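Text of the file target.txt, holding compact mmCIF, C-alpha atoms:
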# COMPACT_ATOMS: atom_id res chain seq x y z
CA MET A 1039 42.12 -2.74 -31.07
CA ARG A 1040 38.53 -1.85 -31.36
CA ARG A 1041 37.65 -4.67 -29.01
CA VAL A 1042 40.05 -3.40 -26.40
CA PHE A 1043 38.54 0.05 -26.64
CA SER A 1044 35.01 -1.13 -26.30
CA SER A 1045 35.80 -3.28 -23.28
CA LEU A 1046 37.68 -0.36 -21.73
CA TRP A 1047 34.65 1.82 -22.36
CA LEU A 1048 32.43 -0.76 -20.73
CA ALA A 1049 34.70 -0.85 -17.70
CA VAL A 1050 34.49 2.93 -17.37
CA CYS A 1051 30.71 2.79 -17.60
CA PHE A 1052 30.58 0.14 -14.92
CA ALA A 1053 32.84 2.13 -12.65
CA CYS A 1054 30.65 5.23 -13.06
CA ALA A 1055 27.48 3.28 -12.47
CA SER A 1056 28.78 1.60 -9.36
CA LEU A 1057 30.08 4.92 -8.06
CA LEU A 1058 26.64 6.44 -8.61
CA ALA A 1059 25.03 3.48 -6.96
CA THR A 1060 27.14 3.73 -3.84
CA GLN A 1061 26.47 7.45 -3.70
CA SER A 1062 22.74 7.04 -3.87
CA LEU A 1063 22.97 4.25 -1.33
CA ALA A 1064 24.92 6.51 0.96
CA LYS A 1065 22.12 9.03 0.69
CA GLU A 1066 19.50 6.46 1.52
CA ALA A 1067 21.14 5.29 4.71
CA VAL A 1068 18.84 5.38 7.69
CA PRO A 1069 19.87 7.88 10.32
CA MET A 1070 21.86 5.86 12.81
CA ALA A 1071 20.42 6.00 16.25
CA GLN A 1072 22.41 5.54 19.39
CA GLU A 1073 21.85 1.80 19.53
CA PRO A 1074 23.20 -0.10 16.53
CA GLU A 1075 21.36 -3.28 17.62
CA VAL A 1076 17.98 -1.58 17.43
CA GLU A 1077 18.95 -0.13 14.06
CA ALA A 1078 20.03 -3.50 12.70
CA ARG A 1079 16.77 -5.11 13.76
CA LEU A 1080 14.81 -2.20 12.34
CA VAL A 1081 16.46 -2.63 8.94
CA LYS A 1082 15.91 -6.39 9.03
CA ILE A 1083 12.20 -6.02 9.79
CA ALA A 1084 11.64 -3.03 7.53
CA GLU A 1085 13.12 -4.80 4.52
CA GLU A 1086 10.20 -7.21 4.61
CA LEU A 1087 7.58 -4.50 4.92
CA ARG A 1088 6.05 -2.49 2.14
CA CYS A 1089 5.95 1.26 2.09
CA MET A 1090 2.27 2.11 1.60
CA VAL A 1091 3.03 5.32 -0.26
CA CYS A 1092 5.46 4.06 -2.90
CA GLN A 1093 4.12 0.50 -2.80
CA ASN A 1094 7.08 -1.02 -4.62
CA GLU A 1095 9.67 0.08 -2.13
CA SER A 1096 10.39 -1.47 1.20
CA LEU A 1097 9.94 0.42 4.41
CA ALA A 1098 13.70 0.23 4.87
CA SER A 1099 14.62 2.04 1.67
CA SER A 1100 11.70 4.41 1.22
CA HIS A 1101 12.12 8.16 1.46
CA ALA A 1102 8.43 8.81 1.95
CA GLU A 1103 7.59 10.70 5.08
CA LEU A 1104 5.16 8.05 6.22
CA ALA A 1105 7.94 5.49 5.95
CA GLU A 1106 10.10 7.64 8.18
CA ASP A 1107 7.27 7.89 10.71
CA LEU A 1108 6.70 4.16 10.58
CA ARG A 1109 10.39 3.48 11.09
CA ARG A 1110 10.16 5.69 14.14
CA GLU A 1111 7.21 3.65 15.42
CA VAL A 1112 9.02 0.37 14.74
CA ARG A 1113 12.12 1.69 16.49
CA ASP A 1114 10.00 2.54 19.53
CA LEU A 1115 8.37 -0.89 19.49
CA ILE A 1116 11.76 -2.61 19.34
CA LYS A 1117 13.02 -0.49 22.21
CA GLY A 1118 9.85 -1.42 24.08
CA GLY A 1119 10.95 -5.05 23.90
CA LYS A 1120 8.54 -6.26 21.20
CA ASN A 1121 9.62 -9.18 19.04
CA ASP A 1122 9.61 -9.15 15.24
CA ALA A 1123 6.23 -10.87 14.96
CA GLN A 1124 4.64 -8.33 17.30
CA VAL A 1125 6.09 -5.45 15.28
CA LYS A 1126 4.66 -6.89 12.08
CA GLU A 1127 1.34 -7.46 13.77
CA PHE A 1128 1.27 -3.80 14.76
CA LEU A 1129 1.56 -2.75 11.13
CA VAL A 1130 -0.79 -5.41 9.75
CA ALA A 1131 -3.47 -4.33 12.23
CA ARG A 1132 -3.32 -0.83 10.77
CA TYR A 1133 -2.49 -1.29 7.11
CA GLY A 1134 -3.51 -4.88 6.36
CA ASP A 1135 -1.65 -7.86 4.93
CA TYR A 1136 -0.63 -5.63 2.08
CA VAL A 1137 2.32 -4.29 4.12
CA LEU A 1138 3.91 -7.74 4.24
CA TYR A 1139 6.14 -8.60 1.31
CA ARG A 1140 5.92 -12.19 2.50
CA PRO A 1141 2.27 -12.72 3.37
CA GLU A 1142 1.24 -15.24 5.98
CA VAL A 1143 0.13 -18.66 4.70
CA LYS A 1144 -3.62 -18.87 5.43
CA PRO A 1145 -6.71 -19.92 3.45
CA LEU A 1146 -7.06 -16.44 1.99
CA THR A 1147 -3.51 -16.51 0.61
CA TRP A 1148 -3.43 -20.13 -0.52
CA ALA A 1149 -4.06 -19.14 -4.12
CA LEU A 1150 -1.12 -16.77 -3.89
CA TRP A 1151 1.26 -19.30 -2.38
CA PHE A 1152 0.22 -22.49 -4.15
CA GLY A 1153 -1.38 -21.10 -7.32
CA PRO A 1154 1.86 -21.02 -9.34
CA PHE A 1155 2.67 -24.63 -8.38
CA LEU A 1156 -0.86 -25.68 -9.31
CA LEU A 1157 -0.51 -23.98 -12.71
CA PHE A 1158 2.86 -25.68 -13.18
CA LEU A 1159 1.31 -29.04 -12.35
CA ILE A 1160 -1.53 -28.50 -14.81
CA ALA A 1161 0.97 -27.49 -17.51
CA ALA A 1162 3.16 -30.53 -16.80
CA VAL A 1163 0.19 -32.93 -16.96
CA GLY A 1164 -0.92 -31.28 -20.19
CA LEU A 1165 2.56 -31.58 -21.69
CA VAL A 1166 2.89 -35.26 -20.78
CA GLY A 1167 -0.56 -35.97 -22.23
CA TYR A 1168 0.27 -34.11 -25.40
CA LEU A 1169 3.58 -35.90 -25.91
CA ARG A 1170 1.96 -39.30 -25.37
CA GLN A 1171 -0.78 -38.51 -27.83
CA ARG A 1172 1.76 -37.40 -30.40
CA ARG A 1173 3.82 -40.53 -30.01
CA GLN A 1174 0.75 -42.71 -30.55
CA ALA A 1175 -0.32 -40.68 -33.55
CA MET A 1176 3.06 -41.18 -35.25
CA PRO A 1177 3.15 -44.26 -37.51
CA ALA A 1178 5.53 -46.97 -36.30
CA PRO A 1179 8.63 -47.17 -38.48
CA ALA A 1180 8.14 -49.85 -41.15
CA ALA A 1181 10.38 -52.88 -40.98
CA LEU A 1182 13.25 -53.00 -43.47
CA SER A 1183 12.81 -55.18 -46.46
CA GLU A 1184 15.44 -57.77 -47.42
CA ALA A 1185 16.85 -55.57 -50.18
CA GLU A 1186 17.07 -52.53 -47.93
CA ARG A 1187 18.88 -54.50 -45.25
CA ALA A 1188 21.39 -55.77 -47.78
CA ARG A 1189 22.00 -52.24 -49.01
CA ALA A 1190 22.44 -50.91 -45.48
CA GLU A 1191 24.99 -53.62 -44.72
CA GLN A 1192 26.78 -52.78 -47.92
CA LEU A 1193 26.93 -49.12 -46.94
CA LEU A 1194 28.24 -49.92 -43.46
CA LYS A 1195 30.98 -52.12 -44.86
CA ASP A 1196 32.25 -49.31 -47.07
CA MET B 496 -10.21 -26.01 -35.34
CA LYS B 497 -10.12 -26.98 -31.67
CA LYS B 498 -6.38 -26.43 -31.70
CA PHE B 499 -6.90 -22.71 -32.27
CA LEU B 500 -9.76 -22.33 -29.85
CA ILE B 501 -7.78 -23.30 -26.75
CA PRO B 502 -5.04 -20.65 -27.12
CA LEU B 503 -7.67 -18.11 -28.14
CA ALA B 504 -9.68 -18.82 -24.99
CA LEU B 505 -6.53 -18.57 -22.87
CA PHE B 506 -5.61 -15.29 -24.53
CA LEU B 507 -9.08 -13.82 -24.01
CA GLY B 508 -8.96 -14.86 -20.36
CA LEU B 509 -5.65 -13.07 -19.98
CA VAL B 510 -7.06 -9.95 -21.67
CA VAL B 511 -10.01 -9.89 -19.28
CA PHE B 512 -7.70 -10.21 -16.25
CA LEU B 513 -5.42 -7.44 -17.48
CA ALA B 514 -8.33 -5.16 -18.40
CA VAL B 515 -9.84 -5.52 -14.91
CA GLY B 516 -6.38 -4.95 -13.41
CA LEU B 517 -5.95 -1.73 -15.36
CA LYS B 518 -9.25 -0.32 -14.17
CA ARG B 519 -8.53 -0.86 -10.51
CA ASP B 520 -6.94 1.81 -8.39
CA PRO B 521 -3.74 0.40 -6.85
CA ARG B 522 -3.99 2.92 -4.01
CA GLU B 523 -7.27 1.47 -2.86
CA ILE B 524 -6.33 -1.15 -0.33
CA PRO B 525 -8.97 -2.63 1.95
CA SER B 526 -8.45 -1.42 5.48
CA PRO B 527 -8.23 -3.99 8.26
CA LEU B 528 -9.88 -1.43 10.53
CA ILE B 529 -13.33 -1.86 9.01
CA ASP B 530 -15.73 -3.23 11.64
CA LYS B 531 -13.10 -2.62 14.33
CA PRO B 532 -13.37 -0.05 17.12
CA ALA B 533 -12.03 3.35 16.15
CA PRO B 534 -8.63 3.72 17.85
CA ALA B 535 -8.83 5.94 20.89
CA PHE B 536 -6.99 9.23 21.10
CA ARG B 537 -7.18 12.55 22.87
CA LEU B 538 -5.76 15.46 20.95
CA PRO B 539 -5.79 19.24 21.27
CA THR B 540 -8.34 20.92 19.06
CA LEU B 541 -7.89 23.68 16.54
CA GLU B 542 -10.34 25.83 18.45
CA GLY B 543 -8.34 25.46 21.65
CA SER B 544 -11.27 23.97 23.54
CA GLN B 545 -11.06 20.79 25.63
CA PRO B 546 -9.02 18.04 23.96
CA PHE B 547 -11.24 15.82 21.82
CA GLY B 548 -11.46 12.03 21.65
CA PRO B 549 -13.74 9.58 19.82
CA GLU B 550 -15.54 8.70 23.09
CA ASP B 551 -16.99 12.22 23.08
CA LEU B 552 -19.18 11.24 20.14
CA LYS B 553 -20.25 7.84 21.41
CA GLY B 554 -23.91 7.29 20.63
CA LYS B 555 -23.64 9.29 17.43
CA VAL B 556 -22.77 8.39 13.87
CA TRP B 557 -19.96 10.65 12.74
CA MET B 558 -17.32 11.16 10.10
CA LEU B 559 -13.61 11.65 10.52
CA ASN B 560 -11.87 13.49 7.70
CA VAL B 561 -8.08 13.57 7.55
CA TRP B 562 -6.71 16.71 5.94
CA ALA B 563 -3.91 19.28 5.90
CA THR B 564 -3.43 22.69 4.33
CA TRP B 565 -0.50 21.37 2.27
CA CYS B 566 -2.66 18.61 0.78
CA VAL B 567 -3.63 19.53 -2.77
CA ALA B 568 -6.34 16.90 -3.14
CA CYS B 569 -7.97 18.18 0.08
CA ARG B 570 -8.64 21.50 -1.67
CA GLU B 571 -10.48 19.62 -4.36
CA GLU B 572 -12.49 17.70 -1.81
CA HIS B 573 -13.22 20.59 0.50
CA PRO B 574 -16.22 22.22 -1.27
CA VAL B 575 -17.92 18.80 -1.28
CA LEU B 576 -17.51 18.52 2.49
CA VAL B 577 -18.64 22.09 3.05
CA ALA B 578 -21.81 21.44 1.06
CA PHE B 579 -22.35 18.15 2.89
CA ALA B 580 -21.90 19.79 6.31
CA GLN B 581 -24.68 22.28 5.49
CA LYS B 582 -27.11 19.37 5.38
CA ASN B 583 -26.27 18.68 9.04
CA ALA B 584 -26.49 14.94 8.47
CA VAL B 585 -23.67 13.95 10.83
CA PRO B 586 -20.88 15.75 12.65
CA ILE B 587 -17.65 15.80 10.64
CA VAL B 588 -14.51 15.85 12.75
CA GLY B 589 -11.38 17.08 11.03
CA LEU B 590 -8.03 15.43 11.76
CA SER B 591 -5.31 17.87 10.85
CA TYR B 592 -2.59 15.44 9.81
CA LYS B 593 1.04 16.51 10.19
CA GLU B 594 0.35 20.12 9.38
CA ILE B 595 3.97 21.06 10.04
CA GLN B 596 6.14 19.34 7.45
CA PRO B 597 9.90 18.76 7.70
CA GLN B 598 10.55 21.58 5.23
CA ASP B 599 8.83 23.98 7.65
CA GLU B 600 11.47 23.17 10.23
CA GLN B 601 14.53 23.71 8.10
CA GLY B 602 15.52 26.66 10.27
CA GLY B 603 15.66 24.32 13.27
CA LYS B 604 13.21 22.11 15.12
CA LEU B 605 10.24 23.91 16.54
CA ALA B 606 9.21 23.47 20.14
CA PRO B 607 5.92 21.52 20.50
CA GLU B 608 4.02 24.65 21.56
CA ALA B 609 5.35 26.70 18.67
CA LYS B 610 4.53 23.87 16.30
CA LEU B 611 0.96 23.66 17.53
CA GLN B 612 0.53 27.40 17.30
CA LEU B 613 1.87 27.59 13.75
CA ALA B 614 -0.34 24.69 12.70
CA ARG B 615 -3.38 26.35 14.25
CA GLU B 616 -2.68 29.69 12.58
CA ARG B 617 -2.31 28.10 9.18
CA SER B 618 -5.35 25.87 9.49
CA VAL B 619 -7.57 28.73 10.69
CA VAL B 620 -6.59 30.87 7.71
CA TRP B 621 -7.16 27.97 5.33
CA LEU B 622 -10.59 27.17 6.80
CA GLN B 623 -11.60 30.84 6.70
CA ARG B 624 -10.75 30.96 3.04
CA HIS B 625 -12.33 27.67 1.98
CA GLY B 626 -15.09 27.23 4.53
CA ASN B 627 -15.20 25.08 7.66
CA PRO B 628 -17.25 21.88 7.47
CA TYR B 629 -15.87 20.49 10.73
CA SER B 630 -17.68 20.44 14.04
CA THR B 631 -14.19 20.33 15.51
CA THR B 632 -10.68 19.75 14.23
CA VAL B 633 -8.03 17.87 16.16
CA MET B 634 -4.33 18.43 15.69
CA ASP B 635 -2.27 15.32 14.97
CA LEU B 636 1.10 16.97 14.63
CA ASP B 637 3.36 13.92 14.80
CA GLY B 638 1.03 11.72 12.74
CA ARG B 639 0.76 9.04 15.43
CA VAL B 640 -3.03 9.02 15.49
CA GLY B 641 -2.89 8.89 11.71
CA ILE B 642 -0.78 5.74 11.92
CA ASN B 643 -3.26 4.17 14.34
CA TYR B 644 -6.00 4.82 11.79
CA GLY B 645 -3.87 3.41 8.97
CA VAL B 646 -3.61 6.74 7.16
CA TYR B 647 -1.26 6.63 4.20
CA GLY B 648 -2.55 9.28 1.86
CA VAL B 649 -4.54 12.38 2.72
CA PRO B 650 -7.41 13.00 2.32
CA GLU B 651 -8.97 10.01 4.03
CA THR B 652 -12.47 9.75 5.40
CA TYR B 653 -13.97 7.37 7.96
CA VAL B 654 -17.56 6.71 8.96
CA ILE B 655 -17.87 5.66 12.60
CA ASP B 656 -21.08 4.27 14.07
CA ARG B 657 -22.81 4.85 17.37
CA GLN B 658 -20.84 2.14 19.15
CA GLY B 659 -17.58 3.71 17.95
CA ILE B 660 -16.95 1.08 15.25
CA ILE B 661 -15.39 2.09 11.95
CA ARG B 662 -17.83 1.13 9.20
CA TYR B 663 -16.31 2.71 6.13
CA LYS B 664 -13.05 4.14 4.95
CA ARG B 665 -12.30 6.16 1.87
CA VAL B 666 -8.74 6.84 0.74
CA GLY B 667 -8.70 9.84 -1.55
CA VAL B 668 -11.18 12.51 -2.47
CA VAL B 669 -14.82 12.16 -1.42
CA THR B 670 -17.02 13.01 -4.38
CA PRO B 671 -20.70 14.09 -4.37
CA GLN B 672 -21.49 10.83 -6.13
CA LEU B 673 -19.76 8.77 -3.46
CA LEU B 674 -21.63 10.68 -0.76
CA ALA B 675 -24.98 10.14 -2.44
CA ASP B 676 -24.47 6.50 -3.46
CA LYS B 677 -22.54 5.09 -0.58
CA ILE B 678 -21.86 7.28 2.43
CA LEU B 679 -25.32 8.78 2.98
CA PRO B 680 -27.20 5.46 2.66
CA LEU B 681 -24.68 3.92 5.06
CA ILE B 682 -25.13 6.73 7.56
CA ARG B 683 -28.92 6.36 7.36
CA SER B 684 -28.79 2.63 7.94
CA LEU B 685 -26.36 3.08 10.84
CA GLU B 686 -28.59 5.68 12.43
CA THR B 687 -31.70 3.52 12.30
CA SER B 688 -30.04 0.31 13.46

Go through the file and emit its structure as structure tokens.
Amino acid sequence: MRRVFSSLWLAVCFACASLLATQSLAKEAVPMAQEPEVEARLVKIAEELRCMVCQNESLASSHAELAEDLRREVRDLIKGGKNDAQVKEFLVARYGDYVLYRPEVKPLTWALWFGPFLLFLIAAVGLVGYLRQRRQAMPAPAALSEAERARAEQLLKD
Amino acid sequence: MKKFLIPLALFLGLVVFLAVGLKRDPREIPSPLIDKPAPAFRLPTLEGSQPFGPEDLKGKVWMLNVWATWCVACREEHPVLVAFAQKNAVPIVGLSYKEIQPQDEQGGKLAPEAKLQLARERSVVWLQRHGNPYSTTVMDLDGRVGINYGVYGVPETYVIDRQGIIRYKRVGVVTPQLLADKILPLIRSLETS
């Protein structure tokens, strides 16, 4: 009974939470302009750009005023026939690579892109080395004596 | 013994990284505009004189200070700028950034002229109260010039050299120490070069 209650309770919580989530999402929606195509591209580009004010929010979801202004700029650029790369370039020229959530692969960002793999490789090499060393350090199992073998056979027969 | 030293060294390395990370200001992001030409603009001034643009100061080292009356940190910074302006080292141009905020337009969108007038009235009162360090102030009402300069948090301050190249950018409050240690020596070296 108790179980049923607790799972019911959980379901209610989930329902509330998802309701809240959709509400807050509804609030965050970007004002739809006349052209849905421009808006769709704006959202797609802005999701990969960082809002400089909140830093951990994308340009698409941020409420900051600067984000709104930048969305306006991006909208204008799209309407002016610029492609996605050109739009990103516009923002990088002003705010730096920091606005890109997915920074370009170049010598300066190699550590960022390949560093984790390098660390993983070092760890893997270390682990293999350690395991090998441990295996060598362990004494080889001694051979069974005649009496022990006889006893083992006896045990297996039973 | 060696077995304990390796994890200890790794741990200490991690501590050093984290300690350095804690001390750094996450708002301070290097600007890509350093050593690039200052973006051109021509904006109406607070004083109502001829519209001002960076070309007007070509041949001079100058400072651009982004501010607004609604900006709390600007109030903190302002006495420093006023004192600095009295030394007459370089002209300081004010960039009034988005003086009219969305909440000011709740009663309906203002016409551009009305917006400019309201912004001027407010800024004049504010400068009368706190002192005016600016040789001129330009009105960036829609924040577009701000975007071209990569403004993301007022106050911001730029040092621009005689060829119109941005040499320094400060995001946040300019302190007397910063002026003495960094900005003034930079200005001097730019003026002699």

Self-check item: Residues of chain B within 7 Å of chain A, all atoms listed in the file counted, as a ChimeraX atom specification
Solution: /B:526-528,643-645,647

Quiz prompt | Who sits within 9 Å of B:His573, all atoms listed in the file, same chain under 5 positions skipped, as a PyMOL selection string | solution = chain B and resi 568+578+625-628+668-669

Quiz item: What does the distance from atom CA of A:Val1112 to atom CA of B:Asp635 come to in Å, to one decimal?
Solution: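 Interatomic distance, atom CA of A:Val1112 to atom CA of B:Asp635: 18.7 Å.
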
Quiz prompt | Which of B:Ala584, B:Gly508, B:Leu503, B:Gln658 sits closest to B:Asp551 [using all atoms listed in the file] | solution =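 Once distances to B:Asp551 are computed over all atoms listed in the file, the minimum belongs to B:Gln658.
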
Self-check item: Minimum-distance residue to B:Glu616, chosen among B:Gly667, B:Pro574, B:Gly543, B:Pro680 (using only C-alpha atoms)
Solution: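 So, comparing all the options, the nearest one is B:Gly543.
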
Quiz item: atom CA of A:Gly1118 and atom CA of B:Pro539, how far apart in Å?
Solution: 26.1 Å

Self-check item: Nearest to B:Val633, chosen from B:Trp621, B:Tyr663, B:Phe536, B:Trp565, with all atoms listed in the file counted in the distances
Solution: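 Of the candidates, the smallest distance to B:Val633 is held by B:Phe536.
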
Self-check item: Contacts of stretch 684-688 of chain B within 7 Å, all atoms listed in the file, excl. fewer than 2 positions in-chain, as number ranges by chain
Solution: B: 556, 656, 680-682

Quiz item: atom CA of B:Cys566 and atom CA of B:Leu605, how far apart in Å?
Solution: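 For atom CA of B:Leu605 relative to atom CA of B:Cys566, the distance reads 21.0 Å.
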
Quiz item: Looking at B:Ala535, B:Leu636, B:Val646, B:Met558, which one is nearest to B:Ala606, with distances taken over only C-alpha atoms?
Solution: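 For B:Ala606, the nearest of the candidates is B:Leu636.
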
Which centre and which edge lengths, in Å to one decimal, describe the axis-aligned box that holds all listed atoms of stretch 1081-1096 of chain A after 3 Å is added on each side, as AutoDock Vina command-line options?
--center_x 9.4 --center_y -0.9 --center_z 2.6 --size_x 20.2 --size_y 18.5 --size_z 20.4

Quiz prompt | Given all atoms listed in the file as the counted atoms, nearest of A:Ile1083, A:Ala1190, A:Val1137, A:Ala1185 to B:Ile524 | solution =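 Checking each candidate against B:Ile524, we get A:Val1137 as the closest.
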